[in-house]
Each structure stands twice: as C-alpha cells, then as structure tokens.
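Colleague: What follows is a single structure, and I will ask about it in a moment.
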Amino acid sequence: MKRAPRNRTLTLSEKEKQKYRQELLRATGPVTQERILNKVINQDVFEAVSFLPSGFVDLLFVDPPYNLTKTFNGRTFKQTGTSEYMDWVDSWLKEMVRLLRPTGSVYVCGDWRSSSALQLVCEKYFIVRNRITFERDKGRGAKGNWKNNSEDIWFCTVSDDYFFDAQAVKLKRKVIAPYRESGEPKDWTEEHSGKYRLTHASNVWSNITIPFWSMQENTPHPTQKPEKLLAKVILASSREGDVVFDPFAGVGTSGVVAKKLRRNFVMVEIDEEYCLYAQKRLTLVEEDDSIQGYADGVFWERNTPNAVRRNTAKKETTNRAF
C-alpha cells in the first residue's frame, strides 16, 4: 500500500531490526550504573528492577497503562476496579523508591479513570507537589458524555530537597492586547513576526501536540507521548548529565528527549518491537536533535511558525540556544 505523502510514521526494516536487537540489554543479575546508562533494557520491569542499582535516578518518568482496556502490540491491559488498579500501581511504584536519589523527582501519567488512584499511591511514597493537566488535540467526540480531551501527570519529589528550574520551561505567547506604559511595551517584546510575552509555565498545558501521522516522531505505538511534553518535564526537573529513568518506556520518547537535552537515560520496555523503535529514534537524534514547539530556549504556543529550531547542536556550547 502506498503511503500518504505527509505520513511520517517511522518504519523498521529487517536489517534495522537485526542491528538494533543486538543493542538491547537484559538484566539477569545485578548491574552497575555504567552498564545500563543510556541503554534500553528489553524486559518486564518486574523482573529487571531488582537487578538495578540503588540511588542512580534523578528523574523518574512513568507512563504506565491507564486503567482501561488497551492493546499494546498484542498485549492487552484490562480495565479493573479502582482498588485493584491501586494495588497494581503500588506493586511497581514501591520498587522505584530504592532507585531514586534523595533529591529525585517523579512524574506519573494518568487519565481521569486512573488519576485518583495514582495520587493515593504516590502519597504513600513521595511528596505530591502538583497535578499537571495537559490538553490533547486528538480525541473522538462523544454523544452521551464530555469529550475526553485531557490527561494528568502527578509531580512528586522524594524530599523537600529537589531541583526545579522554572526559567527553563517558560512559555512564549503571542500578545493579544499589548499594554504600554509611558509609551514602552510592558512585559512584552516586539519581533518581526509579532508581539510576544514570556510567561511562567502553569500546571495546565494547552500547547502540546500529540504525535500523529504528519509528525516525524510518530511510531505505531497507540499512546506515544510527544517529545515536547517530555522536554518540559526533563528541563524543569533535571540538570545536564542527570539520569532519567523510564520503567514503561514504550517507543522511547523519554530517552530520545533526554539525549537531545544532554541528559543520561535508562529505559525498560517489555515489548521488543517498541524497543527497536526506541533504538532507531535514538540513532536519529544524531541527525536531528530538534524538538517541535521548543525553540530559542523557550516553549512556544502550538502551531507557532517559529517553534521548530534548526539542528545546530554540534555548533552550540553547553548553554545552547535553541
């Protein structure tokens, strides 16, 4: 079947599968941080976690199956009652505690069905700091209910000693009603493309574009998180050189963005094909480290023309200007 001209869904050839399969890891005994750093572990997280070193994670990002019936490449996760889902979340979240540094941060994704359960379990092990709600630009209409068009991310920390960089995640908005004081712009600047204001990021994210067939990062994964979302999390809650850990990595967006932003990563994913897509995406970072919607060191509103930066990473210094 001939693909549509704008379809940018990644594919894997048999040659690529053979190549990337050799790069995957599997933990059969205790492993050092050096052994797993910037690697994809193709394994059930319940098997792998006991072999991982203690205290190596600066930022834990978790995008687990939500409490709904969903099939992931042949594996089906069944919707359960809230208490049963809480027990399942608890079974793996408690294992993450040992892996985190005392200054570590945690982000756990969910939807309206699972969010209450996630909060209660997170409160058992961490300090819950906030609930982020992001608006999706996809979703089917509903005749007998409100259209489900948002998801949640619970932001937690291990302790009161944690890192957060609010300056790194500012949002650049177009000014609708530019106010002047003594003839000068107040809290906004004028550029060739319009008038803009830098604002602090709130816990409501309406500038996220979910991967779909015309976006270059798109893969066959049914619930792939966008790179822009991960960039917000990683820039806010980690420094360059820190370690980002993702125990339900899917097709590897967390590791891809970590690499683009000069962080280290460790990813665990049970499905081999998803791991292979992750490896391909990590390789493609060498050719293009841009993040759609993040440019000139700030996040831009959705569909802003300026929001795609050029690939200048090899010419940039440590404090690079996107």
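Letters A, B, ... mark the chains of the structure tokens in the order given; residue numbers begin at 1 per chain; ligand numbers begin at 1, in order shown.
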Which neighbours of segment 44-53 of chain A fall inside 9 Å, counting only C-alpha atoms, when residues of the same chain fewer than 5 positions from it are skipped, and could you give them as an NGL selection string?

Modeller: :A and (26-33 or 36 or 91-92 or 95-96 or 98-99 or 247-248 or 268-271)

Colleague: Can you pull out every residue within 10 Å of Gln224 of chain A, counting only C-alpha atoms, but drop anything in the same chain fewer than 4 positions away, and send it as JSON, numbers by chain?

Modeller: {"A": [63, 210, 211, 212, 217, 218, 219, 220, 249, 250, 251, 252, 253]}

Colleague: Quick one: residues within 12 Å of Val128 of chain A, only C-alpha atoms counted, chain neighbours fewer than 5 positions away excluded, as JSON, numbers by chain?

Modeller: {"A": [105, 106, 107, 108, 118, 119, 120, 121, 122, 123, 153, 154, 155, 156, 157, 158, 159, 160]}

Colleague: Write the residues of the preceding selection, restricted to C-alpha atoms, as a short mmCIF file (atom, residue, chain, number, x, y, z; two decimals), in the first residue's frame.

Modeller:
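The result, stored in result.cif:
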data_model
loop_
_atom_site.label_atom_id
_atom_site.label_comp_id
_atom_site.auth_asym_id
_atom_site.auth_seq_id
_atom_site.Cartn_x
_atom_site.Cartn_y
_atom_site.Cartn_z
CA SER A 105 11.72 13.97 41.24
CA VAL A 106 8.88 11.79 39.99
CA TYR A 107 6.27 12.28 37.25
CA VAL A 108 3.46 9.73 36.84
CA LEU A 118 -2.26 7.40 41.21
CA GLN A 119 -2.47 10.27 43.69
CA LEU A 120 -3.26 7.99 46.62
CA VAL A 121 -0.44 5.57 45.83
CA CYS A 122 2.05 8.37 45.15
CA GLU A 123 1.26 9.88 48.55
CA ILE A 153 0.68 13.99 35.26
CA TRP A 154 1.37 13.81 39.01
CA PHE A 155 4.54 15.68 40.01
CA CYS A 156 6.19 14.35 43.18
CA THR A 157 9.53 14.56 44.96
CA VAL A 158 11.38 12.24 47.30
CA SER A 159 12.06 15.04 49.78
CA ASP A 160 11.95 18.81 50.20
#
